[in-house]
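What follows is model.cif (mmCIF, C-alpha atoms).
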data_my_file
loop_
_atom_site.label_atom_id
_atom_site.label_comp_id
_atom_site.auth_asym_id
_atom_site.auth_seq_id
_atom_site.Cartn_x
_atom_site.Cartn_y
_atom_site.Cartn_z
CA MET Z 8 0.00 0.00 0.00
CA ARG Z 9 1.26 3.45 -0.93
CA ILE Z 10 0.12 6.57 0.92
CA ASP Z 11 0.99 10.05 -0.38
CA PRO Z 12 1.29 12.33 2.67
CA LYS Z 13 0.74 15.42 0.48
CA THR Z 14 -2.78 14.36 -0.51
CA THR Z 15 -3.90 12.31 2.50
CA ALA Z 16 -5.59 13.12 5.81
CA LEU Z 17 -6.45 10.97 8.78
CA LEU Z 18 -10.09 11.24 9.84
CA VAL Z 19 -10.69 10.24 13.46
CA ILE Z 20 -14.41 9.64 13.86
CA ASP Z 21 -15.88 9.70 17.37
CA LEU Z 22 -12.99 8.23 19.36
CA LEU Z 23 -14.49 9.85 22.43
CA ALA Z 24 -14.68 9.53 26.19
CA SER Z 25 -17.40 11.02 28.34
CA SER Z 26 -16.96 12.81 31.64
CA GLU Z 27 -20.63 12.18 32.53
CA PRO Z 28 -23.09 9.31 32.06
CA ASP Z 29 -23.35 8.62 28.34
CA THR Z 30 -25.36 5.92 26.55
CA VAL Z 31 -22.67 5.37 23.90
CA TYR Z 32 -19.26 6.65 25.00
CA ALA Z 33 -18.87 4.76 28.27
CA PRO Z 34 -15.46 3.22 28.90
CA GLY Z 35 -15.19 -0.55 28.72
CA GLU Z 36 -12.69 -3.28 27.98
CA GLU Z 37 -14.07 -4.29 24.57
CA GLU Z 38 -12.93 -1.12 22.82
CA ALA Z 39 -9.37 -1.09 24.21
CA ALA Z 40 -7.78 -2.84 21.19
CA ALA Z 41 -9.49 -0.56 18.64
CA HIS Z 42 -8.54 2.52 20.63
CA GLU Z 43 -4.92 1.40 20.90
CA ALA Z 44 -4.77 0.79 17.13
CA GLY Z 45 -6.33 4.22 16.50
CA ILE Z 46 -3.79 5.92 18.76
CA ARG Z 47 -0.90 4.22 16.91
CA VAL Z 48 -2.27 5.27 13.51
CA THR Z 49 -2.80 8.85 14.74
CA ARG Z 50 0.79 9.08 15.99
CA ALA Z 51 2.12 7.64 12.71
CA ALA Z 52 0.05 10.10 10.66
CA ARG Z 53 1.42 13.05 12.62
CA ALA Z 54 4.98 11.74 12.25
CA ALA Z 55 4.42 11.55 8.47
CA GLY Z 56 3.11 15.14 8.37
CA ILE Z 57 -0.44 14.12 7.54
CA PRO Z 58 -3.25 16.36 8.84
CA VAL Z 59 -5.36 14.76 11.55
CA ILE Z 60 -9.02 15.73 11.53
CA PHE Z 61 -11.26 14.87 14.47
CA SER Z 62 -14.91 14.50 13.47
CA ASN Z 63 -16.61 14.52 16.85
CA ASP Z 64 -20.15 14.14 18.05
CA ALA Z 65 -21.21 17.42 19.64
CA HIS Z 66 -24.93 17.00 20.13
CA ILE Z 67 -27.17 19.64 21.62
CA GLU Z 68 -28.90 18.12 24.62
CA GLY Z 69 -32.66 17.82 24.18
CA LEU Z 70 -32.54 18.85 20.52
CA ASP Z 71 -30.64 16.55 18.17
CA ARG Z 72 -32.59 13.72 16.46
CA GLU Z 73 -29.96 11.06 17.14
CA LEU Z 74 -30.63 11.39 20.86
CA GLU Z 75 -34.16 10.06 20.29
CA LEU Z 76 -32.68 6.83 18.91
CA TRP Z 77 -29.57 6.30 21.04
CA GLY Z 78 -30.22 8.26 24.22
CA PRO Z 79 -28.03 11.07 25.53
CA HIS Z 80 -24.56 10.62 24.05
CA GLY Z 81 -21.83 12.78 22.63
CA ILE Z 82 -23.28 15.86 24.30
CA ARG Z 83 -21.37 19.04 23.51
CA GLY Z 84 -19.18 19.98 26.47
CA LYS Z 85 -19.54 16.55 28.11
CA VAL Z 86 -17.39 14.44 25.77
CA ARG Z 87 -13.81 14.78 24.64
CA ASN Z 88 -11.42 12.88 22.43
CA LEU Z 89 -9.49 10.09 24.08
CA PRO Z 90 -6.70 11.90 25.97
CA GLU Z 91 -4.01 9.75 24.31
CA LEU Z 92 -4.99 11.20 20.92
CA GLU Z 93 -3.87 14.68 22.06
CA ALA Z 94 -6.54 16.21 19.82
CA GLY Z 95 -5.87 19.82 18.92
CA GLU Z 96 -2.45 19.81 20.59
CA HIS Z 97 -0.44 19.45 17.37
CA GLU Z 98 0.05 21.58 14.29
CA GLY Z 99 -2.05 19.99 11.56
CA ASP Z 100 -4.87 18.97 13.91
CA PHE Z 101 -8.41 20.07 13.15
CA ILE Z 102 -11.48 19.46 15.31
CA ILE Z 103 -14.76 19.54 13.41
CA PRO Z 104 -17.88 18.99 15.54
CA LYS Z 105 -20.85 17.18 14.04
CA ARG Z 106 -24.48 16.75 15.06
CA ARG Z 107 -25.40 13.90 12.74
CA TYR Z 108 -23.86 10.57 11.79
CA SER Z 109 -21.90 11.89 8.84
CA GLY Z 110 -18.94 14.14 9.50
CA PHE Z 111 -19.78 15.94 6.25
CA PHE Z 112 -23.42 16.82 6.99
CA GLU Z 113 -23.72 20.56 7.71
CA THR Z 114 -20.02 20.88 8.72
CA ASP Z 115 -16.97 22.36 7.03
CA LEU Z 116 -15.23 18.98 6.70
CA GLU Z 117 -15.35 18.97 2.89
CA LEU Z 118 -14.06 22.55 2.67
CA THR Z 119 -11.22 21.75 5.07
CA LEU Z 120 -10.21 18.64 3.11
CA ARG Z 121 -10.34 20.49 -0.22
CA GLU Z 122 -8.25 23.39 1.10
CA LEU Z 123 -5.68 20.89 2.40
CA GLY Z 124 -5.52 19.27 -1.05
CA VAL Z 125 -6.73 15.92 0.28
CA LYS Z 126 -7.69 13.18 -2.15
CA THR Z 127 -7.44 10.19 0.19
CA ILE Z 128 -8.93 9.82 3.66
CA ILE Z 129 -7.65 7.27 6.16
CA ALA Z 130 -10.58 6.51 8.48
CA ILE Z 131 -10.59 5.24 12.04
CA GLY Z 132 -13.29 5.39 14.69
CA GLU Z 133 -16.65 4.29 15.94
CA ASP Z 134 -19.33 2.98 15.24
CA THR Z 135 -18.29 1.22 12.03
CA ASN Z 136 -21.88 0.82 10.81
CA ILE Z 137 -23.16 4.22 11.81
CA CYS Z 138 -20.90 7.30 11.93
CA VAL Z 139 -17.98 5.75 10.04
CA LEU Z 140 -20.32 4.28 7.41
CA HIS Z 141 -22.29 7.49 6.82
CA THR Z 142 -19.16 9.64 6.76
CA LEU Z 143 -17.48 7.36 4.21
CA ALA Z 144 -20.64 7.24 2.09
CA ASP Z 145 -20.47 11.02 1.79
CA ALA Z 146 -16.71 10.86 1.16
CA TYR Z 147 -17.35 8.45 -1.70
CA PHE Z 148 -20.12 10.62 -3.16
CA LEU Z 149 -17.81 13.65 -2.96
CA GLY Z 150 -15.03 11.86 -4.85
CA PHE Z 151 -12.58 11.05 -2.05
CA ASP Z 152 -10.68 7.76 -1.95
CA THR Z 153 -10.72 6.00 1.41
CA ILE Z 154 -8.60 3.65 3.45
CA VAL Z 155 -10.39 2.01 6.38
CA VAL Z 156 -8.21 0.81 9.22
CA GLU Z 157 -10.14 -2.30 10.10
CA ASP Z 158 -8.74 -2.88 13.58
CA ALA Z 159 -9.00 0.83 14.47
CA THR Z 160 -12.75 0.85 13.84
CA ARG Z 161 -15.34 -0.80 16.03
CA THR Z 162 -18.97 -1.89 15.82
CA PHE Z 163 -21.04 -1.99 18.97
CA LEU Z 164 -24.43 -0.43 18.22
CA CYS Z 165 -25.67 -1.78 14.90
CA GLY Z 166 -24.77 -4.74 12.69
CA THR Z 167 -21.45 -6.54 12.54
CA GLN Z 168 -17.90 -5.37 11.99
CA GLU Z 169 -17.51 -7.79 9.08
CA ALA Z 170 -20.60 -6.47 7.27
CA GLY Z 171 -19.45 -2.86 7.70
CA ILE Z 172 -15.99 -3.63 6.32
CA GLU Z 173 -17.52 -5.52 3.38
CA HIS Z 174 -19.78 -2.53 2.67
CA PHE Z 175 -16.82 -0.12 2.56
CA GLU Z 176 -14.89 -2.37 0.21
CA LYS Z 177 -17.72 -3.30 -2.17
CA CYS Z 178 -19.80 -0.09 -2.18
CA TYR Z 179 -17.14 2.62 -1.80
CA GLY Z 180 -14.01 0.92 -3.15
CA SER Z 181 -12.26 1.49 0.18
CA VAL Z 182 -8.86 -0.07 0.73
CA ILE Z 183 -9.10 -2.18 3.89
CA ALA Z 184 -5.91 -2.26 5.97
CA THR Z 185 -4.71 -3.02 9.46
CA ALA Z 186 -3.12 -0.50 11.78
CA ASP Z 187 0.22 -2.26 11.31
CA GLU Z 188 -0.04 -1.92 7.51
CA VAL Z 189 -0.94 1.77 7.69
CA VAL Z 190 1.80 2.54 10.23
CA GLU Z 191 4.33 0.76 7.98
CA ALA Z 192 3.13 2.63 4.88
CA LEU Z 193 3.48 5.94 6.74
CA SER Z 194 7.03 5.29 7.97
#
Take the structure I supplied and represent it as structure tokens, if you would.
Amino acid sequence: MRIDPKTTALLVIDLLASSEPDTVYAPGEEEAAAHEAGIRVTRAARAAGIPVIFSNDAHIEGLDRELELWGPHGIRGKVRNLPELEAGEHEGDFIIPKRRYSGFFETDLELTLRELGVKTIIAIGEDTNICVLHTLADAYFLGFDTIVVEDATRTFLCGTQEAGIEHFEKCYGSVIATADEVVEALS
């Protein structure tokens, strides 16, 4: 796999921790491996000079439609990126809040990617079949190529990990890779 750092960005989708009770972003053992893989990929992307864009849930309590389906989660001011990601602490980091599944819907994600000259998005994050899926659908429709880091994504709300990965590959032409493969390609 070849990755051109001049035309690639890492998109970190909802790798969040909550400081208050949250129906989705509650810490648990099952996500530890995916988080560790995501942290390694994020560090490798920064070392390669690739922009890191954090597409974060920032729901408005009592207002956003997603809360009707999933309960109170990702509430603006009550969630943050995993501390190990050091979001916003590095040159080349961008934090783009979102209120819907897709990181593109009613945000400036597309504008930011275009101004950075990005053609390829490396995607990590949660939930594979919800926010990652809808974000990558929009990326595909907007003409971006995508690499999905299979072991740095995680399904826990809807469907199976295998079905989500198959969808990316067959419907969006995504390259499916492991964290080790991406880290190697970036070094």
Closest atom pairs, residues of segment 82-173 of chain Z within 8 Å of segment 11-31 of chain Z, all atoms listed in the file, as CSV:
residue,atom,partner,partner_atom,distance
Z:Lys85,CA,Z:Ser26,CA,5.8
Z:Val86,CA,Z:Ser25,CA,4.3
Z:Arg87,CA,Z:Leu23,CA,5.4
Z:Asn88,CA,Z:Leu23,CA,4.3
Z:Leu89,CA,Z:Leu23,CA,5.3
Z:Gly110,CA,Z:Ile20,CA,7.7
Z:Leu120,CA,Z:Ala16,CA,7.7
Z:Leu123,CA,Z:Thr14,CA,7.7
Z:Gly124,CA,Z:Thr14,CA,5.6
Z:Val125,CA,Z:Thr14,CA,4.3
Z:Lys126,CA,Z:Thr14,CA,5.3
Z:Thr127,CA,Z:Thr15,CA,4.7
Z:Ile128,CA,Z:Ala16,CA,5.2
Z:Ile129,CA,Z:Leu17,CA,4.7
Z:Ala130,CA,Z:Leu18,CA,4.9
Z:Ile131,CA,Z:Val19,CA,5.2
Z:Gly132,CA,Z:Ile20,CA,4.5
Z:Glu133,CA,Z:Asp21,CA,5.6
Z:Asp134,CA,Z:Asp21,CA,7.8
Z:Cys138,CA,Z:Ile20,CA,7.2
Z:Val139,CA,Z:Ile20,CA,6.5
| Taking into account only C-alpha atoms, which residue in the set Z:His141, Z:Arg83, Z:Arg161, Z:Arg121 is nearest to Arg107 of chain Z? | Z:His141
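One distance worth recording is that between atom CA of His80 of chain Z and atom CA of Arg106 of chain Z, which is 10.9 Å.
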| request: Evaluate the PyMOL selection byres ((chain Z and resi 181-194) around 10) and record the selected residues as number ranges by chain, following the chain and residue labels used in the document. | output: Z: 8-12, 41, 43-57, 127-131, 143, 147, 151-160, 172-180
| For Thr135 of chain Z, which residue out of Z:Gly150, Z:Gly99, Z:Pro90, Z:Gly171 is the nearest one, using all atoms listed in the file? | Z:Gly171
| request: Would you mind reading off the distance between atom CA of Phe61 of chain Z and atom CA of Ile103 of chain Z, one decimal, in Å? | output: 5.9 Å
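Residues in contact range of Gly69 of chain Z, defined as at most 9 Å between all atoms listed in the file, with sequence neighbours fewer than 4 positions away removed, read Z:Leu74, Z:Glu75, Z:Pro79.
The closest residue to Thr167 of chain Z, picked from Z:Thr142, Z:Asn136, Z:Asp71, Z:Ile102 and counting all atoms listed in the file, is Z:Asn136.
Restricting the calculation to only C-alpha atoms, the smallest distance between Leu164 of chain Z and any of Z:Ile137, Z:Leu118, Z:Phe111, Z:Glu93 is found for Z:Ile137.
For the atom pair formed by atom CA of Cys165 of chain Z and atom CA of Gly81 of chain Z, the distance is 16.9 Å, given to one decimal.
Across Z:Ser62, Z:Ala94, Z:Ile82, Z:Arg72, the tightest approach to Asp115 of chain Z is made by Z:Ser62 when counting all atoms listed in the file.
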Can you fill out segment 68-84 of chain Z with N, CA and C atoms and hand it back as a PDB file, keeping the file's coordinate frame?
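Final file, part.pdb:
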ATOM      1  N   GLU Z  68     -28.027  18.873  23.721  1.00  0.00           N
ATOM      2  CA  GLU Z  68     -28.900  18.120  24.620  1.00  0.00           C
ATOM      3  C   GLU Z  68     -30.356  18.545  24.444  1.00  0.00           C
ATOM      4  N   GLY Z  69     -31.233  17.546  24.307  1.00  0.00           N
ATOM      5  CA  GLY Z  69     -32.660  17.820  24.180  1.00  0.00           C
ATOM      6  C   GLY Z  69     -33.105  18.269  22.806  1.00  0.00           C
ATOM      7  N   LEU Z  70     -32.179  18.322  21.829  1.00  0.00           N
ATOM      8  CA  LEU Z  70     -32.540  18.850  20.520  1.00  0.00           C
ATOM      9  C   LEU Z  70     -32.241  17.893  19.373  1.00  0.00           C
ATOM     10  N   ASP Z  71     -31.063  17.320  19.332  1.00  0.00           N
ATOM     11  CA  ASP Z  71     -30.640  16.550  18.170  1.00  0.00           C
ATOM     12  C   ASP Z  71     -31.421  15.238  18.016  1.00  0.00           C
ATOM     13  N   ARG Z  72     -31.778  14.906  16.766  1.00  0.00           N
ATOM     14  CA  ARG Z  72     -32.590  13.720  16.460  1.00  0.00           C
ATOM     15  C   ARG Z  72     -31.946  12.412  16.890  1.00  0.00           C
ATOM     16  N   GLU Z  73     -30.624  12.308  16.761  1.00  0.00           N
ATOM     17  CA  GLU Z  73     -29.960  11.060  17.140  1.00  0.00           C
ATOM     18  C   GLU Z  73     -30.223  10.679  18.588  1.00  0.00           C
ATOM     19  N   LEU Z  74     -30.420  11.660  19.435  1.00  0.00           N
ATOM     20  CA  LEU Z  74     -30.630  11.390  20.860  1.00  0.00           C
ATOM     21  C   LEU Z  74     -31.930  10.630  21.090  1.00  0.00           C
ATOM     22  N   GLU Z  75     -32.903  10.808  20.191  1.00  0.00           N
ATOM     23  CA  GLU Z  75     -34.160  10.060  20.290  1.00  0.00           C
ATOM     24  C   GLU Z  75     -33.932   8.569  20.078  1.00  0.00           C
ATOM     25  N   LEU Z  76     -32.965   8.225  19.228  1.00  0.00           N
ATOM     26  CA  LEU Z  76     -32.680   6.830  18.910  1.00  0.00           C
ATOM     27  C   LEU Z  76     -31.712   6.169  19.895  1.00  0.00           C
ATOM     28  N   TRP Z  77     -30.676   6.899  20.283  1.00  0.00           N
ATOM     29  CA  TRP Z  77     -29.570   6.300  21.040  1.00  0.00           C
ATOM     30  C   TRP Z  77     -29.458   6.798  22.464  1.00  0.00           C
ATOM     31  N   GLY Z  78     -30.322   7.704  22.870  1.00  0.00           N
ATOM     32  CA  GLY Z  78     -30.220   8.260  24.220  1.00  0.00           C
ATOM     33  C   GLY Z  78     -29.158   9.351  24.264  1.00  0.00           C
ATOM     34  N   PRO Z  79     -28.989   9.969  25.423  1.00  0.00           N
ATOM     35  CA  PRO Z  79     -28.030  11.070  25.530  1.00  0.00           C
ATOM     36  C   PRO Z  79     -26.595  10.557  25.386  1.00  0.00           C
ATOM     37  N   HIS Z  80     -25.948  11.003  24.313  1.00  0.00           N
ATOM     38  CA  HIS Z  80     -24.560  10.620  24.050  1.00  0.00           C
ATOM     39  C   HIS Z  80     -23.883  11.734  23.272  1.00  0.00           C
ATOM     40  N   GLY Z  81     -22.593  11.803  23.402  1.00  0.00           N
ATOM     41  CA  GLY Z  81     -21.830  12.780  22.630  1.00  0.00           C
ATOM     42  C   GLY Z  81     -22.320  14.197  22.820  1.00  0.00           C
ATOM     43  N   ILE Z  82     -22.723  14.528  24.025  1.00  0.00           N
ATOM     44  CA  ILE Z  82     -23.280  15.860  24.300  1.00  0.00           C
ATOM     45  C   ILE Z  82     -22.152  16.887  24.329  1.00  0.00           C
ATOM     46  N   ARG Z  83     -22.359  17.956  23.575  1.00  0.00           N
ATOM     47  CA  ARG Z  83     -21.370  19.040  23.510  1.00  0.00           C
ATOM     48  C   ARG Z  83     -20.996  19.478  24.922  1.00  0.00           C
ATOM     49  N   GLY Z  84     -19.691  19.551  25.172  1.00  0.00           N
ATOM     50  CA  GLY Z  84     -19.180  19.980  26.470  1.00  0.00           C
ATOM     51  C   GLY Z  84     -19.058  18.856  27.488  1.00  0.00           C
TER      52      GLY Z  84
END
